[in-house]
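Next up, work-v7.cif (mmCIF, N, CA, C and O atoms):
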```cif
data_coords
#
loop_
_atom_site.label_atom_id
_atom_site.label_comp_id
_atom_site.auth_asym_id
_atom_site.auth_seq_id
_atom_site.Cartn_x
_atom_site.Cartn_y
_atom_site.Cartn_z
N MET M 926 -4.75 9.39 -3.90
CA MET M 926 -4.69 8.66 -2.65
C MET M 926 -3.89 9.47 -1.65
O MET M 926 -2.81 9.98 -1.97
N GLU M 927 -4.39 9.60 -0.45
CA GLU M 927 -3.71 10.35 0.60
C GLU M 927 -2.81 9.44 1.43
O GLU M 927 -3.16 8.28 1.68
N LYS M 928 -1.70 9.96 1.85
CA LYS M 928 -0.78 9.22 2.71
C LYS M 928 -1.51 8.76 3.97
O LYS M 928 -2.28 9.52 4.56
N GLY M 929 -1.30 7.52 4.37
CA GLY M 929 -1.92 6.97 5.58
C GLY M 929 -3.29 6.35 5.35
O GLY M 929 -3.87 5.80 6.29
N THR M 930 -3.81 6.40 4.12
CA THR M 930 -5.11 5.81 3.82
C THR M 930 -5.01 4.29 3.84
O THR M 930 -4.14 3.71 3.20
N LYS M 931 -5.91 3.67 4.59
CA LYS M 931 -5.96 2.21 4.65
C LYS M 931 -6.85 1.75 3.49
O LYS M 931 -7.93 2.29 3.28
N CYS M 932 -6.38 0.73 2.76
CA CYS M 932 -7.07 0.27 1.56
C CYS M 932 -7.12 -1.25 1.48
O CYS M 932 -6.26 -1.94 2.03
N ARG M 933 -8.11 -1.73 0.76
CA ARG M 933 -8.21 -3.14 0.42
C ARG M 933 -7.70 -3.27 -1.02
O ARG M 933 -8.07 -2.49 -1.89
N VAL M 934 -6.86 -4.26 -1.27
CA VAL M 934 -6.34 -4.49 -2.61
C VAL M 934 -7.42 -5.18 -3.45
O VAL M 934 -7.96 -6.21 -3.05
N ILE M 935 -7.75 -4.58 -4.58
CA ILE M 935 -8.71 -5.16 -5.52
C ILE M 935 -7.97 -6.11 -6.46
O ILE M 935 -8.41 -7.22 -6.73
N SER M 936 -6.85 -5.63 -6.96
CA SER M 936 -6.00 -6.44 -7.84
C SER M 936 -4.59 -5.87 -7.78
O SER M 936 -4.38 -4.75 -7.30
N ASP M 937 -3.63 -6.63 -8.25
CA ASP M 937 -2.24 -6.16 -8.32
C ASP M 937 -1.65 -6.72 -9.60
O ASP M 937 -1.44 -7.92 -9.72
N ASP M 938 -1.42 -5.85 -10.57
CA ASP M 938 -0.91 -6.27 -11.88
C ASP M 938 0.41 -7.03 -11.78
O ASP M 938 0.73 -7.82 -12.65
N TYR M 939 1.18 -6.79 -10.73
CA TYR M 939 2.48 -7.44 -10.58
C TYR M 939 2.45 -8.62 -9.62
O TYR M 939 3.46 -9.29 -9.44
N GLY M 940 1.32 -8.87 -8.97
CA GLY M 940 1.18 -10.04 -8.11
C GLY M 940 1.89 -9.97 -6.77
O GLY M 940 2.05 -10.98 -6.10
N PHE M 941 2.29 -8.76 -6.34
CA PHE M 941 2.95 -8.64 -5.05
C PHE M 941 1.95 -8.81 -3.91
O PHE M 941 2.20 -9.54 -2.95
N PHE M 942 0.81 -8.12 -4.02
CA PHE M 942 -0.25 -8.22 -3.03
C PHE M 942 -1.35 -9.14 -3.54
O PHE M 942 -1.56 -9.25 -4.74
N LYS M 943 -2.07 -9.76 -2.61
CA LYS M 943 -3.20 -10.61 -2.97
C LYS M 943 -4.50 -9.80 -2.89
O LYS M 943 -4.62 -8.93 -2.01
N PRO M 944 -5.47 -10.08 -3.76
CA PRO M 944 -6.77 -9.39 -3.64
C PRO M 944 -7.35 -9.60 -2.24
O PRO M 944 -7.28 -10.70 -1.69
N GLY M 945 -7.87 -8.53 -1.66
CA GLY M 945 -8.45 -8.58 -0.32
C GLY M 945 -7.46 -8.20 0.77
O GLY M 945 -7.87 -7.93 1.90
N GLU M 946 -6.17 -8.19 0.47
CA GLU M 946 -5.16 -7.83 1.46
C GLU M 946 -5.31 -6.36 1.84
O GLU M 946 -5.66 -5.52 1.01
N ILE M 947 -5.06 -6.04 3.10
CA ILE M 947 -5.16 -4.67 3.59
C ILE M 947 -3.77 -4.03 3.58
O ILE M 947 -2.80 -4.62 4.07
N VAL M 948 -3.70 -2.84 2.98
CA VAL M 948 -2.44 -2.09 2.86
C VAL M 948 -2.67 -0.65 3.29
O VAL M 948 -3.82 -0.21 3.41
N VAL M 949 -1.58 0.08 3.50
CA VAL M 949 -1.65 1.49 3.88
C VAL M 949 -0.78 2.28 2.91
O VAL M 949 0.38 1.92 2.65
N ALA M 950 -1.32 3.38 2.36
CA ALA M 950 -0.58 4.23 1.44
C ALA M 950 0.54 4.95 2.19
O ALA M 950 0.32 5.55 3.23
N LEU M 951 1.75 4.87 1.64
CA LEU M 951 2.91 5.50 2.27
C LEU M 951 3.18 6.90 1.75
O LEU M 951 4.04 7.60 2.27
N GLU M 952 2.44 7.31 0.71
CA GLU M 952 2.64 8.63 0.12
C GLU M 952 1.35 9.08 -0.55
O GLU M 952 0.48 8.28 -0.82
N THR M 953 1.24 10.38 -0.77
CA THR M 953 0.10 10.94 -1.48
C THR M 953 0.47 10.96 -2.96
O THR M 953 1.38 11.66 -3.36
N ASN M 954 -0.24 10.13 -3.75
CA ASN M 954 0.12 9.96 -5.15
C ASN M 954 -0.98 9.15 -5.83
O ASN M 954 -1.72 8.43 -5.18
N ASP M 955 -1.07 9.24 -7.17
CA ASP M 955 -2.01 8.40 -7.93
C ASP M 955 -1.50 6.96 -8.04
O ASP M 955 -2.27 6.05 -8.32
N VAL M 956 -0.20 6.78 -7.88
CA VAL M 956 0.41 5.44 -7.88
C VAL M 956 1.25 5.35 -6.61
O VAL M 956 2.47 5.40 -6.64
N PRO M 957 0.58 5.22 -5.46
CA PRO M 957 1.32 5.27 -4.20
C PRO M 957 2.04 3.96 -3.88
O PRO M 957 1.60 2.88 -4.25
N TYR M 958 3.16 4.11 -3.20
CA TYR M 958 3.75 2.94 -2.57
C TYR M 958 2.87 2.61 -1.39
O TYR M 958 2.45 3.51 -0.65
N CYS M 959 2.58 1.33 -1.22
CA CYS M 959 1.74 0.87 -0.13
C CYS M 959 2.47 -0.20 0.65
O CYS M 959 3.17 -1.03 0.08
N ALA M 960 2.29 -0.19 1.97
CA ALA M 960 2.89 -1.20 2.84
C ALA M 960 1.80 -2.14 3.33
O ALA M 960 0.65 -1.75 3.50
N LYS M 961 2.20 -3.37 3.55
CA LYS M 961 1.28 -4.33 4.17
C LYS M 961 0.88 -3.77 5.53
O LYS M 961 1.71 -3.18 6.24
N GLU M 962 -0.37 -3.94 5.90
CA GLU M 962 -0.86 -3.38 7.16
C GLU M 962 -0.03 -3.88 8.34
O GLU M 962 0.27 -3.12 9.27
N SER M 963 0.39 -5.13 8.31
CA SER M 963 1.17 -5.70 9.41
C SER M 963 2.55 -5.05 9.57
O SER M 963 3.13 -5.09 10.65
N ALA M 964 3.08 -4.44 8.51
CA ALA M 964 4.40 -3.82 8.56
C ALA M 964 4.32 -2.31 8.75
O ALA M 964 5.33 -1.66 9.06
N TYR M 965 3.13 -1.73 8.60
CA TYR M 965 2.97 -0.28 8.62
C TYR M 965 3.19 0.33 10.00
O TYR M 965 2.74 -0.19 11.02
N SER M 966 3.90 1.45 10.00
CA SER M 966 4.07 2.26 11.20
C SER M 966 4.10 3.72 10.74
O SER M 966 4.86 4.06 9.83
N PRO M 967 3.27 4.59 11.33
CA PRO M 967 3.19 5.98 10.88
C PRO M 967 4.53 6.73 10.90
O PRO M 967 4.75 7.62 10.10
N GLY M 968 5.44 6.37 11.76
CA GLY M 968 6.71 7.08 11.87
C GLY M 968 7.78 6.62 10.89
O GLY M 968 8.82 7.26 10.76
N LYS M 969 7.53 5.52 10.19
CA LYS M 969 8.53 4.98 9.26
C LYS M 969 8.54 5.75 7.94
O LYS M 969 7.51 6.19 7.47
N GLN M 970 9.73 5.86 7.36
CA GLN M 970 9.89 6.37 6.01
C GLN M 970 9.90 5.18 5.06
O GLN M 970 10.14 4.04 5.48
N ILE M 971 9.66 5.41 3.77
CA ILE M 971 9.67 4.31 2.80
C ILE M 971 10.99 3.55 2.88
O ILE M 971 11.00 2.31 2.82
N SER M 972 12.08 4.23 3.03
CA SER M 972 13.39 3.58 3.08
C SER M 972 13.58 2.67 4.30
O SER M 972 14.49 1.84 4.32
N ASP M 973 12.71 2.80 5.31
CA ASP M 973 12.79 1.97 6.51
C ASP M 973 12.13 0.60 6.33
O ASP M 973 12.33 -0.29 7.15
N TYR M 974 11.34 0.45 5.27
CA TYR M 974 10.65 -0.82 5.03
C TYR M 974 11.54 -1.79 4.27
O TYR M 974 12.36 -1.38 3.43
N ARG M 975 11.38 -3.07 4.55
CA ARG M 975 12.06 -4.11 3.77
C ARG M 975 11.38 -4.21 2.41
O ARG M 975 10.20 -3.88 2.27
N LEU M 976 12.09 -4.66 1.40
CA LEU M 976 11.54 -4.76 0.04
C LEU M 976 10.34 -5.69 -0.06
O LEU M 976 9.52 -5.54 -0.95
N ASP M 977 10.21 -6.64 0.87
CA ASP M 977 9.06 -7.56 0.84
C ASP M 977 7.86 -7.03 1.62
O ASP M 977 6.87 -7.72 1.79
N GLU M 978 7.94 -5.77 2.09
CA GLU M 978 6.86 -5.18 2.87
C GLU M 978 6.06 -4.12 2.12
O GLU M 978 5.01 -3.70 2.60
N TYR M 979 6.54 -3.66 0.97
CA TYR M 979 5.83 -2.59 0.26
C TYR M 979 6.02 -2.71 -1.25
O TYR M 979 6.95 -3.34 -1.73
N ALA M 980 5.09 -2.10 -1.97
CA ALA M 980 5.15 -2.04 -3.43
C ALA M 980 4.21 -0.93 -3.90
O ALA M 980 3.35 -0.46 -3.14
N ALA M 981 4.37 -0.52 -5.15
CA ALA M 981 3.49 0.50 -5.73
C ALA M 981 2.23 -0.15 -6.28
O ALA M 981 2.26 -1.26 -6.80
N LEU M 982 1.11 0.55 -6.14
CA LEU M 982 -0.17 0.11 -6.69
C LEU M 982 -0.84 1.29 -7.37
O LEU M 982 -0.75 2.43 -6.89
N GLN M 983 -1.51 1.04 -8.46
CA GLN M 983 -2.32 2.06 -9.13
C GLN M 983 -3.54 2.33 -8.25
O GLN M 983 -4.02 1.44 -7.55
N ASP M 984 -4.07 3.55 -8.31
CA ASP M 984 -5.24 3.85 -7.47
C ASP M 984 -6.46 3.01 -7.85
O ASP M 984 -7.29 2.71 -7.01
N TYR M 985 -6.55 2.55 -9.12
CA TYR M 985 -7.69 1.70 -9.51
C TYR M 985 -7.55 0.27 -8.96
O TYR M 985 -8.50 -0.50 -9.01
N GLU M 986 -6.39 -0.07 -8.42
CA GLU M 986 -6.18 -1.39 -7.82
C GLU M 986 -6.54 -1.40 -6.34
O GLU M 986 -6.45 -2.43 -5.69
N LEU M 987 -6.94 -0.24 -5.81
CA LEU M 987 -7.21 -0.08 -4.39
C LEU M 987 -8.63 0.39 -4.11
O LEU M 987 -9.19 1.15 -4.89
N GLU M 988 -9.17 -0.04 -2.98
CA GLU M 988 -10.45 0.44 -2.49
C GLU M 988 -10.21 1.01 -1.09
O GLU M 988 -9.80 0.26 -0.19
N ALA M 989 -10.42 2.30 -0.91
CA ALA M 989 -10.22 2.93 0.39
C ALA M 989 -11.22 2.36 1.39
O ALA M 989 -12.37 2.12 1.07
N ILE M 990 -10.74 2.15 2.61
CA ILE M 990 -11.58 1.62 3.69
C ILE M 990 -11.88 2.77 4.64
O ILE M 990 -10.97 3.41 5.15
N ASP M 991 -13.15 3.01 4.89
CA ASP M 991 -13.55 4.04 5.85
C ASP M 991 -13.54 3.44 7.25
O ASP M 991 -14.07 2.36 7.47
N GLU M 992 -12.93 4.15 8.18
CA GLU M 992 -12.92 3.68 9.57
C GLU M 992 -13.43 4.74 10.48
O GLU M 992 -13.32 5.87 10.28
#
```
Entire entry expressed as structure tokens:
Amino acid sequence: MEKGTKCRVISDDYGFFKPGEIVVALETNDVPYCAKESAYSPGKQISDYRLDEYAALQDYELEAIDE
């Protein structure tokens, strides 16, 4: 997953995100931290987000959205 990729959540093993929710990858990784779309800002670092705004997701839990 590339940093900045917008994705739809398919599932979340930990229940932080709901299926269908839109998130943005905060890092390039197979298990990226993702922020809720409403909280995402390209200039923010992971440490700038509140704990209720982001979580890690496996790449199989995400579907990339083409825009």
Item to check | Atomic distance atom CA of Glu927 of chain M - atom CA of Glu978 of chain M, expressed in Å with one decimal | outcome: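 These two atoms are separated by 18.9 Å.
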Next on the checklist: So, with only N, CA, C and O atoms as the atoms that count, which of M:Asp991, M:Lys928, M:Tyr974, M:Glu962 lies closest to Val948 of chain M?
Outcome noted: M:Glu962
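Residue nearest Asp977 of chain M within the list M:Ala960, M:Ala950, M:Ile990, M:Pro944: M:Ala960 [criterion: smallest interatomic distance, only N, CA, C and O atoms].
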Item to check | Residues of segment 928-970 of chain M in strand (DSSP E or B), written as a list of chain:residue names | outcome: M:Lys931, M:Cys932, M:Arg933, M:Val934, M:Ile947, M:Val948, M:Val949, M:Ala950, M:Tyr958, M:Cys959, M:Ala960, M:Lys961
Next on the checklist: Restricting the calculation to only N, CA, C and O atoms: of M:Ser963, M:Gln983, M:Ser972, M:Thr953, which residue gets closest to Ser936 of chain M?
Outcome noted: M:Gln983
Item to check | Between atom O of Lys969 of chain M and atom N of Glu946 of chain M - distance in Å to one decimal | outcome: 21.0 Å
Given the file shown, determine the residues that the PyMOL selection byres ((chain M and resi 952) around 7) selects; report them as a compact mmCIF listing (two decimals) with N, CA, C and O atoms, in the coordinates of the input.
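Final output, part25.txt:
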```txt
# COMPACT_ATOMS: atom_id res chain seq x y z
N MET M 926 -4.75 9.39 -3.90
CA MET M 926 -4.69 8.66 -2.65
C MET M 926 -3.89 9.47 -1.65
O MET M 926 -2.81 9.98 -1.97
N GLU M 927 -4.39 9.60 -0.45
CA GLU M 927 -3.71 10.35 0.60
C GLU M 927 -2.81 9.44 1.43
O GLU M 927 -3.16 8.28 1.68
N LYS M 928 -1.70 9.96 1.85
CA LYS M 928 -0.78 9.22 2.71
C LYS M 928 -1.51 8.76 3.97
O LYS M 928 -2.28 9.52 4.56
N GLY M 929 -1.30 7.52 4.37
CA GLY M 929 -1.92 6.97 5.58
C GLY M 929 -3.29 6.35 5.35
O GLY M 929 -3.87 5.80 6.29
N THR M 930 -3.81 6.40 4.12
CA THR M 930 -5.11 5.81 3.82
C THR M 930 -5.01 4.29 3.84
O THR M 930 -4.14 3.71 3.20
N VAL M 949 -1.58 0.08 3.50
CA VAL M 949 -1.65 1.49 3.88
C VAL M 949 -0.78 2.28 2.91
O VAL M 949 0.38 1.92 2.65
N ALA M 950 -1.32 3.38 2.36
CA ALA M 950 -0.58 4.23 1.44
C ALA M 950 0.54 4.95 2.19
O ALA M 950 0.32 5.55 3.23
N LEU M 951 1.75 4.87 1.64
CA LEU M 951 2.91 5.50 2.27
C LEU M 951 3.18 6.90 1.75
O LEU M 951 4.04 7.60 2.27
N THR M 953 1.24 10.38 -0.77
CA THR M 953 0.10 10.94 -1.48
C THR M 953 0.47 10.96 -2.96
O THR M 953 1.38 11.66 -3.36
N ASN M 954 -0.24 10.13 -3.75
CA ASN M 954 0.12 9.96 -5.15
C ASN M 954 -0.98 9.15 -5.83
O ASN M 954 -1.72 8.43 -5.18
N ASP M 955 -1.07 9.24 -7.17
CA ASP M 955 -2.01 8.40 -7.93
C ASP M 955 -1.50 6.96 -8.04
O ASP M 955 -2.27 6.05 -8.32
N VAL M 956 -0.20 6.78 -7.88
CA VAL M 956 0.41 5.44 -7.88
C VAL M 956 1.25 5.35 -6.61
O VAL M 956 2.47 5.40 -6.64
N PRO M 957 0.58 5.22 -5.46
CA PRO M 957 1.32 5.27 -4.20
C PRO M 957 2.04 3.96 -3.88
O PRO M 957 1.60 2.88 -4.25
N TYR M 958 3.16 4.11 -3.20
CA TYR M 958 3.75 2.94 -2.57
C TYR M 958 2.87 2.61 -1.39
O TYR M 958 2.45 3.51 -0.65
N CYS M 959 2.58 1.33 -1.22
CA CYS M 959 1.74 0.87 -0.13
C CYS M 959 2.47 -0.20 0.65
O CYS M 959 3.17 -1.03 0.08
```
Next on the checklist: Would you compute the distance between atom O of Glu986 of chain M and atom CA of Gly940 of chain M? Give it in Å to one decimal.
Outcome noted: 11.0 Å
Step by step, gather every atom of segment 953-962 of chain M that the file lists, find the box along x, y and z that holds them, add 8 Å on each side, and finally give centre and edge lengths in Å to one decimal, as AutoDock Vina command-line options.
```
--center_x 0.7 --center_y 3.7 --center_z 0.5 --size_x 22.0 --size_y 32.0 --size_z 33.6
```
Next on the checklist: For the structure I just gave you, how does DSSP split chain M - specifically, which residues are helix (DSSP H, G or I)? Reply as a list of chain:residue names.
Outcome noted: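 Taking chain M and keeping helix (DSSP H, G or I) only, one gets M:Ile971, M:Ser972, M:Asp973, M:Asp984, M:Tyr985, M:Glu986.
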Checklist entry - Pick the closest to Glu988 of chain M from M:Ser966, M:Ile971, M:Lys943, M:Lys931: which is it, counting all atoms listed in the file? => result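 Among M:Ser966, M:Ile971, M:Lys943, M:Lys931, it is M:Lys931 that comes nearest to Glu988 of chain M.
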Checklist entry - M:Arg975, M:Leu987, M:Pro967, M:Ala981: which is nearest Phe941 of chain M, counting only N, CA, C and O atoms? => result M:Ala981
Checklist entry - Counting all atoms listed in the file, which of M:Ala964, M:Asp938, M:Ile947, M:Gln970 gets nearest to Leu982 of chain M? => result M:Asp938
Please write segment 953-985 of chain M of the preceding block to a file containing N, CA, C and O atoms, as a short mmCIF file (atom, residue, chain, number, x, y, z; two decimals), in the first residue's frame?
```
data_model
loop_
_atom_site.label_atom_id
_atom_site.label_comp_id
_atom_site.auth_asym_id
_atom_site.auth_seq_id
_atom_site.Cartn_x
_atom_site.Cartn_y
_atom_site.Cartn_z
N THR M 953 3.69 3.86 3.62
CA THR M 953 3.84 2.80 2.63
C THR M 953 4.27 1.55 3.38
O THR M 953 5.35 1.51 3.95
N ASN M 954 3.37 0.54 3.40
CA ASN M 954 3.61 -0.65 4.20
C ASN M 954 2.54 -1.68 3.85
O ASN M 954 1.48 -1.34 3.36
N ASP M 955 2.82 -2.97 4.14
CA ASP M 955 1.81 -4.01 3.96
C ASP M 955 0.76 -3.97 5.07
O ASP M 955 -0.33 -4.52 4.92
N VAL M 956 1.11 -3.37 6.20
CA VAL M 956 0.18 -3.19 7.32
C VAL M 956 0.23 -1.70 7.68
O VAL M 956 0.79 -1.30 8.69
N PRO M 957 -0.37 -0.86 6.83
CA PRO M 957 -0.23 0.57 7.04
C PRO M 957 -1.15 1.10 8.14
O PRO M 957 -2.24 0.58 8.38
N TYR M 958 -0.67 2.14 8.81
CA TYR M 958 -1.57 2.91 9.65
C TYR M 958 -2.44 3.70 8.70
O TYR M 958 -1.94 4.26 7.71
N CYS M 959 -3.73 3.74 8.99
CA CYS M 959 -4.68 4.46 8.15
C CYS M 959 -5.47 5.43 9.02
O CYS M 959 -5.81 5.11 10.16
N ALA M 960 -5.76 6.60 8.46
CA ALA M 960 -6.56 7.61 9.16
C ALA M 960 -7.94 7.67 8.53
O ALA M 960 -8.10 7.43 7.33
N LYS M 961 -8.91 7.99 9.35
CA LYS M 961 -10.25 8.23 8.83
C LYS M 961 -10.15 9.38 7.83
O LYS M 961 -9.40 10.34 8.04
N GLU M 962 -10.90 9.28 6.74
CA GLU M 962 -10.82 10.31 5.70
C GLU M 962 -11.12 11.70 6.27
O GLU M 962 -10.48 12.68 5.89
N SER M 963 -12.05 11.79 7.19
CA SER M 963 -12.43 13.08 7.77
C SER M 963 -11.30 13.72 8.58
O SER M 963 -11.27 14.94 8.76
N ALA M 964 -10.35 12.93 9.07
CA ALA M 964 -9.25 13.44 9.88
C ALA M 964 -7.97 13.62 9.07
O ALA M 964 -7.02 14.27 9.53
N TYR M 965 -7.93 13.07 7.86
CA TYR M 965 -6.70 13.06 7.06
C TYR M 965 -6.31 14.45 6.56
O TYR M 965 -7.13 15.23 6.10
N SER M 966 -5.01 14.72 6.65
CA SER M 966 -4.42 15.91 6.06
C SER M 966 -3.03 15.52 5.56
O SER M 966 -2.25 14.94 6.32
N PRO M 967 -2.71 15.80 4.29
CA PRO M 967 -1.42 15.37 3.73
C PRO M 967 -0.20 15.87 4.51
O PRO M 967 0.83 15.22 4.53
N GLY M 968 -0.28 16.99 5.18
CA GLY M 968 0.86 17.55 5.88
C GLY M 968 1.07 17.00 7.29
O GLY M 968 2.10 17.25 7.90
N LYS M 969 0.11 16.23 7.79
CA LYS M 969 0.21 15.70 9.15
C LYS M 969 1.12 14.48 9.21
O LYS M 969 1.16 13.68 8.29
N GLN M 970 1.82 14.35 10.34
CA GLN M 970 2.58 13.15 10.65
C GLN M 970 1.68 12.23 11.48
O GLN M 970 0.70 12.70 12.07
N ILE M 971 2.01 10.96 11.57
CA ILE M 971 1.20 10.03 12.36
C ILE M 971 1.06 10.54 13.79
O ILE M 971 -0.03 10.47 14.38
N SER M 972 2.10 11.08 14.35
CA SER M 972 2.06 11.57 15.73
C SER M 972 1.12 12.76 15.93
O SER M 972 0.76 13.08 17.07
N ASP M 973 0.69 13.41 14.84
CA ASP M 973 -0.22 14.55 14.92
C ASP M 973 -1.69 14.13 15.04
O ASP M 973 -2.54 14.95 15.36
N TYR M 974 -1.97 12.85 14.77
CA TYR M 974 -3.34 12.36 14.84
C TYR M 974 -3.71 11.95 16.25
O TYR M 974 -2.86 11.45 17.01
N ARG M 975 -4.96 12.13 16.61
CA ARG M 975 -5.47 11.61 17.89
C ARG M 975 -5.60 10.10 17.78
O ARG M 975 -5.78 9.56 16.68
N LEU M 976 -5.54 9.39 18.88
CA LEU M 976 -5.62 7.93 18.88
C LEU M 976 -6.94 7.40 18.32
O LEU M 976 -7.00 6.27 17.83
N ASP M 977 -8.00 8.21 18.36
CA ASP M 977 -9.29 7.76 17.82
C ASP M 977 -9.46 8.08 16.34
O ASP M 977 -10.52 7.88 15.77
N GLU M 978 -8.38 8.57 15.69
CA GLU M 978 -8.45 8.94 14.28
C GLU M 978 -7.70 7.98 13.36
O GLU M 978 -7.85 8.07 12.15
N TYR M 979 -6.90 7.07 13.90
CA TYR M 979 -6.12 6.18 13.04
C TYR M 979 -5.89 4.83 13.71
O TYR M 979 -5.97 4.70 14.92
N ALA M 980 -5.60 3.84 12.87
CA ALA M 980 -5.28 2.49 13.33
C ALA M 980 -4.60 1.75 12.19
O ALA M 980 -4.67 2.17 11.02
N ALA M 981 -3.96 0.64 12.51
CA ALA M 981 -3.31 -0.19 11.49
C ALA M 981 -4.32 -1.16 10.89
O ALA M 981 -5.21 -1.66 11.58
N LEU M 982 -4.19 -1.40 9.60
CA LEU M 982 -5.02 -2.37 8.89
C LEU M 982 -4.13 -3.22 7.99
O LEU M 982 -3.16 -2.72 7.41
N GLN M 983 -4.45 -4.48 7.88
CA GLN M 983 -3.76 -5.37 6.94
C GLN M 983 -4.19 -4.97 5.52
O GLN M 983 -5.31 -4.49 5.31
N ASP M 984 -3.31 -5.18 4.54
CA ASP M 984 -3.68 -4.80 3.17
C ASP M 984 -4.88 -5.59 2.65
O ASP M 984 -5.64 -5.10 1.83
N TYR M 985 -5.11 -6.82 3.16
CA TYR M 985 -6.27 -7.60 2.72
C TYR M 985 -7.58 -7.06 3.31
O TYR M 985 -8.66 -7.45 2.87
#
```
